[in-house]
$ cat protein-v9.tsv   # TSV, C-alpha atoms
chain	number	residue	atom	x	y	z
O	1	MET	CA	-4.78	-37.44	17.20
O	2	LYS	CA	-5.51	-36.36	20.76
O	3	PHE	CA	-4.06	-33.06	21.92
O	4	LEU	CA	-3.57	-32.00	25.49
O	5	HIS	CA	-4.05	-28.41	26.60
O	6	LEU	CA	-3.15	-26.50	29.75
O	7	PHE	CA	-3.56	-22.74	29.61
O	8	GLU	CA	-0.95	-21.97	32.21
O	9	ALA	CA	2.03	-21.67	29.83
O	10	ALA	CA	3.51	-24.89	31.23
O	11	LEU	CA	5.06	-27.77	29.31
O	12	LEU	CA	2.68	-30.63	28.66
O	13	ALA	CA	3.11	-34.37	28.45
O	14	PRO	CA	4.38	-35.81	25.17
O	15	LEU	CA	1.80	-36.28	22.46
O	16	ALA	CA	3.21	-39.71	21.76
O	17	THR	CA	5.04	-42.24	23.90
O	18	PRO	CA	8.73	-41.61	23.21
O	19	THR	CA	10.77	-44.29	21.54
O	20	SER	CA	14.42	-44.80	22.42
O	21	TYR	CA	16.80	-43.12	19.97
O	22	ASN	CA	18.47	-46.34	18.86
O	23	SER	CA	15.18	-47.83	17.68
O	24	LEU	CA	14.13	-44.84	15.59
O	25	THR	CA	14.18	-45.12	11.83
O	26	TYR	CA	14.44	-41.72	10.19
O	27	PRO	CA	12.94	-41.19	6.73
O	28	THR	CA	15.16	-40.28	3.84
O	29	VAL	CA	15.56	-36.52	3.91
O	30	SER	CA	15.60	-35.03	0.43
O	31	LYS	CA	15.07	-31.84	-1.50
O	32	SER	CA	11.48	-32.90	-2.06
O	33	SER	CA	10.96	-33.28	1.70
O	34	LEU	CA	12.28	-29.79	2.27
O	35	LEU	CA	10.10	-28.23	-0.41
O	36	SER	CA	6.96	-30.14	0.54
O	37	LEU	CA	7.32	-29.20	4.22
O	38	HIS	CA	7.90	-25.56	3.31
O	39	GLN	CA	4.88	-25.63	1.00
O	40	ALA	CA	2.65	-27.15	3.69
O	41	LEU	CA	3.67	-24.44	6.14
O	42	VAL	CA	3.19	-21.53	3.73
O	43	GLU	CA	-0.14	-22.90	2.47
O	44	THR	CA	-1.46	-22.79	6.04
O	45	PRO	CA	-2.32	-19.20	7.04
O	46	SER	CA	-0.95	-18.29	10.47
O	47	ILE	CA	-1.34	-14.57	11.04
O	48	SER	CA	-0.43	-13.68	14.64
O	49	GLY	CA	-3.21	-14.85	16.91
O	50	SER	CA	-4.36	-17.56	14.47
O	51	GLU	CA	-1.45	-20.02	14.48
O	52	TYR	CA	-3.27	-23.16	15.64
O	53	ASN	CA	-3.66	-24.86	12.25
O	54	VAL	CA	-0.03	-24.44	11.30
O	55	SER	CA	1.01	-25.86	14.68
O	56	LEU	CA	-1.00	-29.00	13.79
O	57	VAL	CA	0.88	-29.23	10.48
O	58	LEU	CA	4.17	-29.11	12.40
O	59	ILE	CA	3.07	-31.65	14.99
O	60	ASP	CA	1.98	-34.12	12.32
O	61	TYR	CA	5.24	-33.80	10.41
O	62	LEU	CA	7.49	-34.03	13.44
O	63	GLN	CA	5.73	-37.05	14.89
O	64	LYS	CA	5.89	-38.90	11.59
O	65	ALA	CA	9.62	-38.07	11.47
O	66	GLY	CA	10.13	-39.84	14.80
O	67	PHE	CA	10.38	-36.90	17.18
O	68	THR	CA	8.82	-36.75	20.59
O	69	VAL	CA	6.50	-33.72	20.44
O	70	GLN	CA	5.25	-31.60	23.29
O	71	THR	CA	2.98	-28.58	23.17
O	72	GLN	CA	2.86	-25.55	25.42
O	73	ALA	CA	-0.38	-23.61	25.55
O	74	VAL	CA	0.10	-19.86	25.30
O	75	ALA	CA	-3.57	-18.89	24.96
O	76	PRO	CA	-6.71	-20.66	23.75
O	77	GLU	CA	-6.02	-22.12	20.30
O	78	ARG	CA	-2.41	-20.93	20.42
O	79	GLN	CA	0.44	-23.28	21.24
O	80	ASN	CA	4.21	-23.56	21.05
O	81	VAL	CA	5.65	-26.79	19.68
O	82	LEU	CA	8.73	-28.47	21.20
O	83	ALA	CA	10.33	-31.50	19.53
O	84	TYR	CA	13.29	-33.67	20.48
O	85	VAL	CA	14.59	-37.22	20.29
O	86	GLY	CA	13.93	-39.77	23.01
O	87	GLN	CA	12.39	-39.27	26.44
O	88	SER	CA	14.15	-36.20	27.80
O	89	ASN	CA	13.52	-32.68	26.57
O	90	LYS	CA	16.84	-31.51	28.01
O	91	THR	CA	19.33	-30.87	25.19
O	92	ARG	CA	22.57	-28.99	24.68
O	93	VAL	CA	21.35	-26.90	21.73
O	94	LEU	CA	17.96	-25.39	20.88
O	95	VAL	CA	16.99	-24.53	17.30
O	96	THR	CA	14.00	-22.20	17.14
O	97	SER	CA	11.89	-19.84	15.05
O	98	HIS	CA	8.33	-18.52	14.91
O	99	ILE	CA	5.28	-19.84	13.08
O	100	ASP	CA	3.19	-16.66	12.99
O	101	THR	CA	3.20	-14.11	10.18
O	102	VAL	CA	2.11	-10.53	9.63
O	103	PRO	CA	-1.12	-9.84	7.74
O	104	PRO	CA	-2.46	-10.12	5.12
O	105	TYR	CA	-2.18	-13.69	3.89
O	106	TYR	CA	-0.79	-14.27	0.39
O	107	PRO	CA	-1.08	-17.83	-0.99
O	108	TYR	CA	1.78	-20.14	-1.87
O	109	GLU	CA	2.98	-19.87	-5.46
O	110	ARG	CA	5.91	-21.30	-7.43
O	111	LYS	CA	7.46	-19.05	-10.07
O	112	GLY	CA	10.29	-21.09	-11.55
O	113	ASP	CA	12.94	-21.37	-8.84
O	114	GLU	CA	11.18	-18.78	-6.67
O	115	ILE	CA	8.67	-19.55	-3.92
O	116	TRP	CA	6.18	-16.79	-3.13
O	117	GLY	CA	3.67	-16.38	-0.32
O	118	ARG	CA	3.19	-14.95	3.15
O	119	GLY	CA	5.73	-16.48	5.51
O	120	SER	CA	7.79	-18.03	2.72
O	121	VAL	CA	10.70	-15.96	4.04
O	122	ASP	CA	9.61	-14.75	7.48
O	123	ALA	CA	9.95	-17.22	8.94
O	124	LYS	CA	8.67	-20.49	7.49
O	125	GLY	CA	11.77	-20.71	5.33
O	126	SER	CA	13.79	-20.97	8.53
O	127	VAL	CA	11.35	-23.44	10.12
O	128	ALA	CA	11.44	-25.87	7.20
O	129	SER	CA	15.21	-25.75	6.69
O	130	GLN	CA	15.89	-26.11	10.43
O	131	ILE	CA	13.76	-29.23	10.70
O	132	ILE	CA	15.32	-30.85	7.63
O	133	ALA	CA	18.80	-29.95	8.88
O	134	VAL	CA	18.21	-31.68	12.21
O	135	GLU	CA	16.53	-34.68	10.54
O	136	SER	CA	19.50	-35.13	8.22
O	137	LEU	CA	22.02	-34.95	11.05
O	138	LEU	CA	20.06	-37.57	12.97
O	139	GLN	CA	19.86	-39.80	9.93
O	140	SER	CA	23.61	-39.59	9.40
O	141	ARG	CA	24.21	-40.15	13.14
O	142	GLU	CA	26.17	-36.90	13.40
O	143	ILE	CA	23.98	-35.90	16.33
O	144	GLN	CA	22.17	-38.02	18.88
O	145	GLU	CA	19.61	-37.95	21.65
O	146	GLY	CA	20.28	-35.06	24.03
O	147	ASP	CA	22.03	-32.90	21.45
O	148	VAL	CA	19.33	-30.78	19.80
O	149	ALA	CA	15.71	-29.77	20.35
O	150	LEU	CA	13.40	-27.78	18.11
O	151	LEU	CA	11.05	-25.06	19.39
O	152	TYR	CA	8.47	-23.22	17.29
O	153	VAL	CA	6.62	-20.35	18.91
O	154	VAL	CA	3.60	-18.19	18.26
O	155	GLY	CA	3.29	-14.44	18.40
O	156	GLU	CA	6.75	-13.18	17.45
O	157	GLU	CA	5.31	-10.60	15.07
O	158	ARG	CA	3.01	-9.13	17.71
O	159	GLY	CA	4.23	-8.91	21.28
O	160	GLY	CA	6.33	-12.07	21.49
O	161	ALA	CA	3.90	-14.01	23.70
O	162	GLY	CA	5.16	-17.40	22.53
O	163	MET	CA	8.82	-16.94	23.38
O	164	LEU	CA	7.99	-15.19	26.65
O	165	ALA	CA	5.89	-18.22	27.59
O	166	ALA	CA	8.74	-20.56	26.66
O	167	ASN	CA	10.67	-19.31	29.69
O	168	ALA	CA	8.18	-21.25	31.83
O	169	LEU	CA	9.43	-24.51	30.33
O	170	GLY	CA	12.25	-24.47	32.85
O	171	LEU	CA	14.84	-25.56	30.29
O	172	SER	CA	18.34	-24.30	29.57
O	173	TRP	CA	20.80	-24.80	26.74
O	174	GLU	CA	24.43	-24.16	25.92
O	175	ALA	CA	23.37	-22.33	22.75
O	176	VAL	CA	20.21	-21.30	20.91
O	177	ILE	CA	20.03	-20.84	17.12
O	178	PHE	CA	17.25	-18.44	16.13
O	179	GLY	CA	15.85	-18.58	12.61
O	180	GLU	CA	15.08	-15.34	10.77
O	181	PRO	CA	15.90	-14.11	7.25
O	182	THR	CA	19.58	-13.07	7.23
O	183	GLU	CA	20.47	-13.86	3.59
O	184	LEU	CA	22.41	-16.88	4.88
O	185	LYS	CA	24.71	-14.59	6.86
O	186	LEU	CA	25.45	-14.89	10.56
O	187	ALA	CA	24.10	-11.88	12.43
O	188	SER	CA	26.39	-10.25	14.98
O	189	GLY	CA	23.62	-8.05	16.38
O	190	HIS	CA	20.36	-6.31	15.68
O	191	LYS	CA	18.75	-3.00	16.55
O	192	GLY	CA	16.44	-2.55	19.49
O	193	VAL	CA	12.86	-1.37	19.24
O	194	LEU	CA	10.84	1.31	21.01
O	195	GLY	CA	7.07	1.44	20.71
O	196	LEU	CA	5.36	4.83	20.59
O	197	THR	CA	1.63	5.53	20.70
O	198	ALA	CA	0.28	9.07	20.28
O	199	THR	CA	-3.34	9.81	21.23
O	200	ALA	CA	-5.36	13.00	20.90
O	201	LYS	CA	-8.74	13.83	22.42
O	202	GLY	CA	-10.93	16.54	20.90
O	203	LYS	CA	-14.59	17.51	20.84
O	204	ALA	CA	-16.98	16.45	18.10
O	205	GLY	CA	-19.11	18.94	16.23
O	206	HIS	CA	-20.37	20.06	12.82
O	207	SER	CA	-17.53	20.73	10.40
O	208	GLY	CA	-19.25	23.92	9.24
O	209	TYR	CA	-18.77	25.38	12.73
O	210	PRO	CA	-15.18	24.51	13.70
O	211	GLU	CA	-15.37	26.83	16.70
O	212	SER	CA	-17.98	24.48	18.23
O	213	GLY	CA	-15.52	21.63	18.68
O	214	LYS	CA	-11.88	20.68	18.90
O	215	ASN	CA	-10.20	18.72	16.09
O	216	ALA	CA	-8.27	15.74	17.50
O	217	LEU	CA	-6.55	15.15	14.17
O	218	ASP	CA	-5.19	18.69	14.17
O	219	ILE	CA	-3.64	18.01	17.59
O	220	LEU	CA	-2.16	14.70	16.42
O	221	VAL	CA	-0.84	15.97	13.08
O	222	LYS	CA	0.89	18.86	14.81
O	223	ALA	CA	2.63	16.34	17.08
O	224	LEU	CA	3.67	14.02	14.27
O	225	SER	CA	4.89	16.82	12.02
O	226	VAL	CA	7.96	17.51	14.19
O	227	ILE	CA	9.24	13.92	14.16
O	228	PRO	CA	11.11	14.08	10.81
O	229	GLY	CA	13.13	17.02	12.13
O	230	ILE	CA	14.34	15.30	15.30
O	231	GLU	CA	18.06	14.54	15.27
O	232	LEU	CA	17.98	10.89	16.28
O	233	PRO	CA	21.01	9.19	17.86
O	234	TRP	CA	23.17	6.73	15.93
O	235	SER	CA	26.06	4.36	16.55
O	236	GLU	CA	28.96	2.94	14.55
O	237	ARG	CA	27.80	-0.64	15.04
O	238	TYR	CA	24.05	-0.35	14.49
O	239	GLY	CA	23.80	2.72	12.26
O	240	ASN	CA	20.91	5.19	12.41
O	241	THR	CA	17.92	5.14	14.71
O	242	THR	CA	14.82	5.26	12.48
O	243	ILE	CA	11.10	5.87	13.03
O	244	ASN	CA	8.19	4.37	11.10
O	245	LEU	CA	4.67	5.82	11.35
O	246	GLY	CA	2.73	2.57	11.06
O	247	THR	CA	-0.91	3.44	11.70
O	248	LEU	CA	-2.91	6.68	11.75
O	249	GLN	CA	-6.58	6.75	12.69
O	250	GLY	CA	-9.10	9.44	13.47
O	251	GLY	CA	-12.49	10.89	12.71
O	252	VAL	CA	-15.71	9.34	11.47
O	253	ALA	CA	-16.69	11.49	8.47
O	254	ALA	CA	-15.48	14.48	6.48
O	255	ASN	CA	-18.27	16.69	7.82
O	256	VAL	CA	-17.70	15.82	11.50
O	257	ILE	CA	-15.01	17.41	13.67
O	258	PRO	CA	-12.83	14.45	14.82
O	259	GLU	CA	-13.20	13.70	18.51
O	260	ASN	CA	-10.48	11.04	18.67
O	261	ALA	CA	-7.24	10.34	16.83
O	262	ASN	CA	-4.29	8.06	17.40
O	263	ALA	CA	-1.08	6.88	15.77
O	264	THR	CA	1.34	4.06	16.41
O	265	LEU	CA	5.02	4.27	15.58
O	266	SER	CA	7.94	1.86	15.69
O	267	VAL	CA	11.39	3.21	16.53
O	268	ARG	CA	14.37	1.05	15.52
O	269	VAL	CA	16.93	1.84	18.19
O	270	ALA	CA	20.65	2.02	17.36
O	271	VAL	CA	21.95	3.16	20.77
O	272	ASP	CA	22.08	1.70	24.26
O	273	ASP	CA	20.56	4.76	25.92
O	274	VAL	CA	16.92	3.91	25.24
O	275	GLN	CA	15.73	6.10	28.10
O	276	GLY	CA	17.55	9.09	26.66
O	277	LEU	CA	15.90	8.48	23.30
O	278	THR	CA	12.51	8.17	24.97
O	279	ASP	CA	13.02	11.46	26.79
O	280	LEU	CA	14.08	13.18	23.56
O	281	LEU	CA	10.97	12.06	21.69
O	282	ASN	CA	8.68	12.84	24.60
O	283	SER	CA	9.96	16.38	25.16
O	284	THR	CA	10.17	17.34	21.49
O	285	ILE	CA	6.70	16.09	20.56
O	286	LEU	CA	4.99	17.56	23.61
O	287	ALA	CA	6.68	20.91	23.01
O	288	ALA	CA	5.06	21.00	19.56
O	289	SER	CA	1.65	19.69	20.64
O	290	PRO	CA	1.12	19.82	24.44
O	291	GLU	CA	-2.37	18.29	24.27
O	292	VAL	CA	-1.25	15.00	22.71
O	293	GLN	CA	-0.81	12.00	25.01
O	294	LEU	CA	2.23	9.78	24.49
O	295	SER	CA	2.95	6.27	25.72
O	296	PHE	CA	5.90	3.95	25.16
O	297	PRO	CA	4.53	0.40	25.58
O	298	TYR	CA	7.84	-1.41	25.10
O	299	ALA	CA	11.51	-0.53	24.96
O	300	ILE	CA	14.42	-2.80	24.03
O	301	GLY	CA	17.96	-1.68	23.31
O	302	PRO	CA	20.25	-3.11	20.62
O	303	VAL	CA	20.94	-6.84	20.94
O	304	ALA	CA	24.47	-8.25	20.65
O	305	ILE	CA	24.54	-11.74	19.10
O	306	ASP	CA	27.26	-14.38	19.00
O	307	SER	CA	28.95	-14.76	15.61
O	308	ASP	CA	32.04	-16.78	16.54
O	309	ILE	CA	31.60	-19.51	13.92
O	310	GLU	CA	33.92	-19.66	10.90
O	311	GLY	CA	32.62	-19.88	7.36
O	312	PHE	CA	29.85	-17.27	7.53
O	313	GLU	CA	29.68	-13.69	6.35
O	314	LYS	CA	28.64	-11.42	9.23
O	315	VAL	CA	25.83	-8.84	9.22
O	316	VAL	CA	23.97	-6.47	11.57
O	317	GLN	CA	20.20	-6.49	11.19
O	318	ASN	CA	17.80	-3.55	11.56
O	319	TYR	CA	14.84	-5.64	12.71
O	320	GLY	CA	13.95	-7.08	16.10
O	321	THR	CA	13.64	-10.74	17.10
O	322	ASP	CA	12.61	-13.04	19.94
O	323	ILE	CA	16.23	-13.28	21.08
O	324	PRO	CA	15.96	-10.96	24.12
O	325	SER	CA	12.69	-12.62	25.19
O	326	LEU	CA	14.30	-16.00	25.88
O	327	LYS	CA	16.10	-15.75	29.20
O	328	GLY	CA	19.24	-17.65	30.14
O	329	GLY	CA	23.00	-17.69	29.87
O	330	HIS	CA	23.11	-19.48	26.52
O	331	LYS	CA	25.06	-18.38	23.47
O	332	ARG	CA	22.77	-16.79	20.86
O	333	TYR	CA	22.98	-17.15	17.09
O	334	LEU	CA	20.78	-15.69	14.34
O	335	TYR	CA	20.71	-17.17	10.83
O	336	GLY	CA	18.29	-18.04	8.07
O	337	PRO	CA	17.33	-18.03	4.38
O	338	GLY	CA	15.85	-15.14	2.42
O	339	THR	CA	16.10	-11.39	2.73
O	340	ILE	CA	14.20	-9.20	5.17
O	341	LEU	CA	13.81	-6.66	2.36
O	342	VAL	CA	10.87	-8.64	0.92
O	343	ALA	CA	9.39	-9.78	4.23
O	344	HIS	CA	6.13	-8.11	5.34
O	345	SER	CA	5.46	-7.19	1.69
O	346	ASP	CA	3.13	-8.34	-1.10
O	347	HIS	CA	6.15	-9.75	-2.95
O	348	GLU	CA	7.61	-11.92	-0.17
O	349	HIS	CA	9.58	-14.74	-1.77
O	350	LEU	CA	12.86	-16.67	-1.80
O	351	ASN	CA	14.74	-19.03	-4.07
O	352	VAL	CA	14.73	-22.80	-3.73
O	353	SER	CA	18.52	-22.61	-3.39
O	354	ASP	CA	18.10	-20.36	-0.33
O	355	LEU	CA	16.25	-23.15	1.46
O	356	GLU	CA	18.76	-25.80	0.38
O	357	ASN	CA	21.76	-23.72	1.43
O	358	ALA	CA	20.12	-22.89	4.76
O	359	VAL	CA	19.91	-26.60	5.59
O	360	GLY	CA	23.69	-26.83	5.23
O	361	GLY	CA	24.19	-23.62	7.19
O	362	TYR	CA	22.11	-24.82	10.13
O	363	GLN	CA	23.94	-28.16	10.09
O	364	THR	CA	27.29	-26.38	10.24
O	365	LEU	CA	26.17	-24.20	13.13
O	366	ILE	CA	24.84	-27.16	15.09
O	367	LYS	CA	27.95	-29.31	14.59
O	368	LYS	CA	30.39	-26.52	15.42
O	369	ILE	CA	28.47	-25.52	18.52
O	370	LEU	CA	28.34	-29.11	19.78
O	371	ALA	CA	32.08	-29.44	19.09
O	372	LYS	CA	32.70	-26.06	20.76
O	373	ASP	CA	34.52	-25.02	17.59
O	374	PHE	CA	34.41	-21.28	18.16
O	375	ILE	CA	36.57	-18.46	16.83
O	376	VAL	CA	38.84	-17.14	19.57
O	377	GLU	CA	39.14	-13.38	19.36
O	378	PRO	CA	42.71	-12.08	19.84
$ encode --input "protein-v9.tsv" --output "C-alpha cells"
Amino acid sequence: MKFLHLFEAALLAPLATPTSYNSLTYPTVSKSSLLSLHQALVETPSISGSEYNVSLVLIDYLQKAGFTVQTQAVAPERQNVLAYVGQSNKTRVLVTSHIDTVPPYYPYERKGDEIWGRGSVDAKGSVASQIIAVESLLQSREIQEGDVALLYVVGEERGGAGMLAANALGLSWEAVIFGEPTELKLASGHKGVLGLTATAKGKAGHSGYPESGKNALDILVKALSVIPGIELPWSERYGNTTINLGTLQGGVAANVIPENANATLSVRVAVDDVQGLTDLLNSTILAASPEVQLSFPYAIGPVAIDSDIEGFEKVVQNYGTDIPSLKGGHKRYLYGPGTILVAHSDHEHLNVSDLENAVGGYQTLIKKILAKDFIVEP
C-alpha cells in the first residue's frame, strides 16, 4: 500500500480511488467484527508520539470496509486518519476520537467478558464501536454518502496536536460526536484544565557543607507545600477545582546539593474565571517561596457540551478532551464506552457489553442528529 505524506498539516489525496456509494458492498458487521477490530487496535501500542502503526491498522480496516481514506500529516510518522463514503469528504456529521494512549503500554488480554489493556477504554473502545456503528448504518441504508465521516487523531493525551491540525482540513459539520469513556452516558460538559510548571534553581555543592550551595529541592518543596491549603474555587455545575502533582524531579545524588528541581501539575478547572485562578495560585505559591519560577503553559475553562438527545443519562466529566481544539459552529456531543476511573491505570479494562452497547448508542446519536430530533428546552 502506498502512503502519501505532506508535513504541512494539510489534507492529502485519497489513498484509494473512491467508488460511488451505490456500488459499494459493505461486509456483514457482527459482534466478532467489533471485537476483532478492538483487539487489533489495543494490540498495537500507540503511546502519544508513536501512533503511526495503529494508524496503518485503521487505514487497512477502513479501506477494506469500503471507505475512502485520507491521511493528514501532523509530524513525521504521525498522521490523522479521515474516512468517508464516496468522493467528497464534506459530510453533515463527524464522528471522532483519538488513537494515542498514555504510557506505559499494557498488552491486550481477555478475562472472561472483560477486555484489558492500554487503550482498551481510552479511547480505542470508542474508536472500534464508532466505526462498527457507522458501518452498520451504511449496511442497513439508514445513512448514505454525505451523512457521516470518521476522523481519528493523534496526540490527544499530550498537547492535542492532532485535533489542532485537523482545523487545517477546511471542513465544517452540523455536529461532531467525540468518543471518550463516559460509561455510555451523554456528557453535558467537562472541566477545564490549567497547566502549571514550577522550577527552582540552586547551587550544587557537597552535601556535608550545605552552606556552600543552595538546595533547589528545598525551594521547590516549600512552594509545593502550600498548595493543599489553597481554597480553590468551585461551581454548582462542575464541582471542585482540583490539583494533581504529576511529576517531581531534582538532584543527582544523595550526597550532592541539588542544583535544579522542577514539578509539573495539572489543575482541573471548575470555574470560568481561569485568569483569577491563575492569579491565586501564582500569588500564593510565590508568597511561600519567592525564588521558585512558575509558568502556566496552557489554560482552558470548563467546556459546555450539547446533550439534547433523548434516551441517555447525562453526566459532567472531570477530564479534558479535544472538544475545544476543534473550531467551528457545530453542535458538540461526548459519549463512549467504559469508565474513566480505570483509564490511565494498570487495570484499564471494559466489558464486551460496553462495546456492544456503545455501537447502539452511537447509532442513535447519529440518526437523531441527522433527523434534527433534539430536545427543546422549555
$ residues_near_point --input "protein-v9.tsv" --point "(19.0, -28.6, 3.6)" --cutoff "12 Å" --atoms "all atoms listed in the file" --output "PyMOL selection string"
chain O and resi 29-35+37-38+125-137+336-337+352-364
$ closest_residue --input "protein-v9.tsv" --among "O:Ala165, O:Leu138, O:Ala216, O:Ile177" --to "Val256 of chain O" --atoms "only C-alpha atoms"
O:Ala216
$ closest_atom_pairs --input "protein-v9.tsv" --of "segment 107-223 of chain O" --to "segment 262-271 of chain O" --cutoff "12 Å" --atoms "only C-alpha atoms" --output "CSV"
residue,atom,partner,partner_atom,distance
O:Gly189,CA,O:Ala270,CA,10.5
O:His190,CA,O:Ala270,CA,8.5
O:Lys191,CA,O:Val269,CA,5.4
O:Gly192,CA,O:Val269,CA,4.6
O:Val193,CA,O:Arg268,CA,4.7
O:Leu194,CA,O:Val267,CA,4.9
O:Gly195,CA,O:Ser266,CA,5.1
O:Leu196,CA,O:Leu265,CA,5.1
O:Thr197,CA,O:Thr264,CA,4.5
O:Ala198,CA,O:Ala263,CA,5.2
O:Thr199,CA,O:Asn262,CA,4.3
O:Ala200,CA,O:Asn262,CA,6.1
O:Lys201,CA,O:Asn262,CA,8.8
O:Gly202,CA,O:Asn262,CA,11.3
O:Ala216,CA,O:Asn262,CA,8.7
O:Leu217,CA,O:Asn262,CA,8.1
O:Asp218,CA,O:Asn262,CA,11.1
O:Ile219,CA,O:Asn262,CA,10.0
O:Leu220,CA,O:Asn262,CA,7.0
O:Val221,CA,O:Ala263,CA,9.5
O:Ala223,CA,O:Ala263,CA,10.2
$ residues_around --input "protein-v9.tsv" --residues "Asn215 of chain O" --least-positions-apart "4" --cutoff "12 Å" --atoms "only C-alpha atoms" --output "PyMOL selection string"
chain O and resi 200-207+209-211+219-222+250-252+254-261+291-292
$ closest_residue --input "protein-v9.tsv" --among "O:Asp308, O:Ser225, O:Ser50, O:Val85" --to "Gln63 of chain O" --atoms "all atoms listed in the file"
O:Val85
$ atom_distance --input "protein-v9.tsv" --atom1 "atom CA of Val148 of chain O" --atom2 "atom CA of Lys327 of chain O"
18.0 Å
$ axis_aligned_box --input "protein-v9.tsv" --around "segment 170-189 of chain O" --padding-each-side "3 Å" --output "lines of an AutoDock Vina configuration file"
center_x = 19.3
center_y = -16.8
center_z = 18.2
size_x = 20.1
size_y = 23.5
size_z = 35.3
$ atom_distance --input "protein-v9.tsv" --atom1 "atom CA of Lys64 of chain O" --atom2 "atom CA of Gln139 of chain O"
14.1 Å
$ closest_residue --input "protein-v9.tsv" --among "O:Val102, O:Val226, O:Ile323, O:Ala287" --to "Val303 of chain O" --atoms "all atoms listed in the file"
O:Ile323
$ atom_distance --input "protein-v9.tsv" --atom1 "atom CA of Lys314 of chain O" --atom2 "atom CA of Lys185 of chain O"
5.6 Å
$ residues_near_point --input "protein-v9.tsv" --point "(11.9, 9.0, 24.1)" --cutoff "10 Å" --atoms "all atoms listed in the file" --output "ChimeraX atom specification"
/O:194-196,267,273-285,294-296,299
$ closest_residue --input "protein-v9.tsv" --among "O:Arg110, O:Lys90, O:Lys214, O:Lys124" --to "Ser46 of chain O" --atoms "all atoms listed in the file"
O:Lys124
$ residues_around --input "protein-v9.tsv" --residues "Val95 of chain O" --least-positions-apart "6" --cutoff "7 Å" --atoms "all atoms listed in the file" --output "list in words"
Ala149, Leu150, Leu151, Val176, Ile177 and Phe178 of chain O
$ build_atoms --input "protein-v9.tsv" --residues "segment 149-154 of chain O" --atoms "all heavy atoms" --output "compact mmCIF listing (two decimals), in the frame of the given file"
# COMPACT_ATOMS: atom_id res chain seq x y z
N ALA O 149 17.17 -29.84 20.34
CA ALA O 149 15.71 -29.77 20.35
C ALA O 149 15.27 -28.66 19.41
O ALA O 149 16.03 -27.75 19.08
CB ALA O 149 15.19 -29.50 21.76
N LEU O 150 14.02 -28.77 18.98
CA LEU O 150 13.40 -27.78 18.11
C LEU O 150 12.25 -27.10 18.86
O LEU O 150 11.48 -27.79 19.53
CB LEU O 150 12.84 -28.43 16.84
CG LEU O 150 13.84 -29.14 15.93
CD1 LEU O 150 13.11 -30.08 14.97
CD2 LEU O 150 14.64 -28.11 15.12
N LEU O 151 12.14 -25.78 18.75
CA LEU O 151 11.05 -25.06 19.39
C LEU O 151 10.46 -24.06 18.41
O LEU O 151 11.19 -23.21 17.87
CB LEU O 151 11.55 -24.31 20.64
CG LEU O 151 10.53 -23.39 21.33
CD1 LEU O 151 9.37 -24.21 21.92
CD2 LEU O 151 11.20 -22.56 22.41
N TYR O 152 9.15 -24.14 18.20
CA TYR O 152 8.47 -23.22 17.29
C TYR O 152 7.36 -22.49 18.04
O TYR O 152 6.48 -23.13 18.62
CB TYR O 152 7.98 -23.97 16.05
CG TYR O 152 9.18 -24.51 15.31
CD1 TYR O 152 9.47 -25.87 15.28
CD2 TYR O 152 10.09 -23.62 14.74
CE1 TYR O 152 10.62 -26.34 14.67
CE2 TYR O 152 11.24 -24.08 14.12
CZ TYR O 152 11.51 -25.44 14.09
OH TYR O 152 12.66 -25.89 13.51
N VAL O 153 7.46 -21.17 18.04
CA VAL O 153 6.62 -20.35 18.91
C VAL O 153 5.64 -19.49 18.13
O VAL O 153 5.86 -19.18 16.96
CB VAL O 153 7.49 -19.44 19.82
CG1 VAL O 153 8.45 -20.27 20.66
CG2 VAL O 153 8.26 -18.40 18.99
N VAL O 154 4.59 -19.09 18.81
CA VAL O 154 3.60 -18.19 18.26
C VAL O 154 3.94 -16.75 18.64
O VAL O 154 4.74 -16.51 19.54
CB VAL O 154 2.18 -18.55 18.76
CG1 VAL O 154 1.81 -19.97 18.38
CG2 VAL O 154 2.08 -18.38 20.29
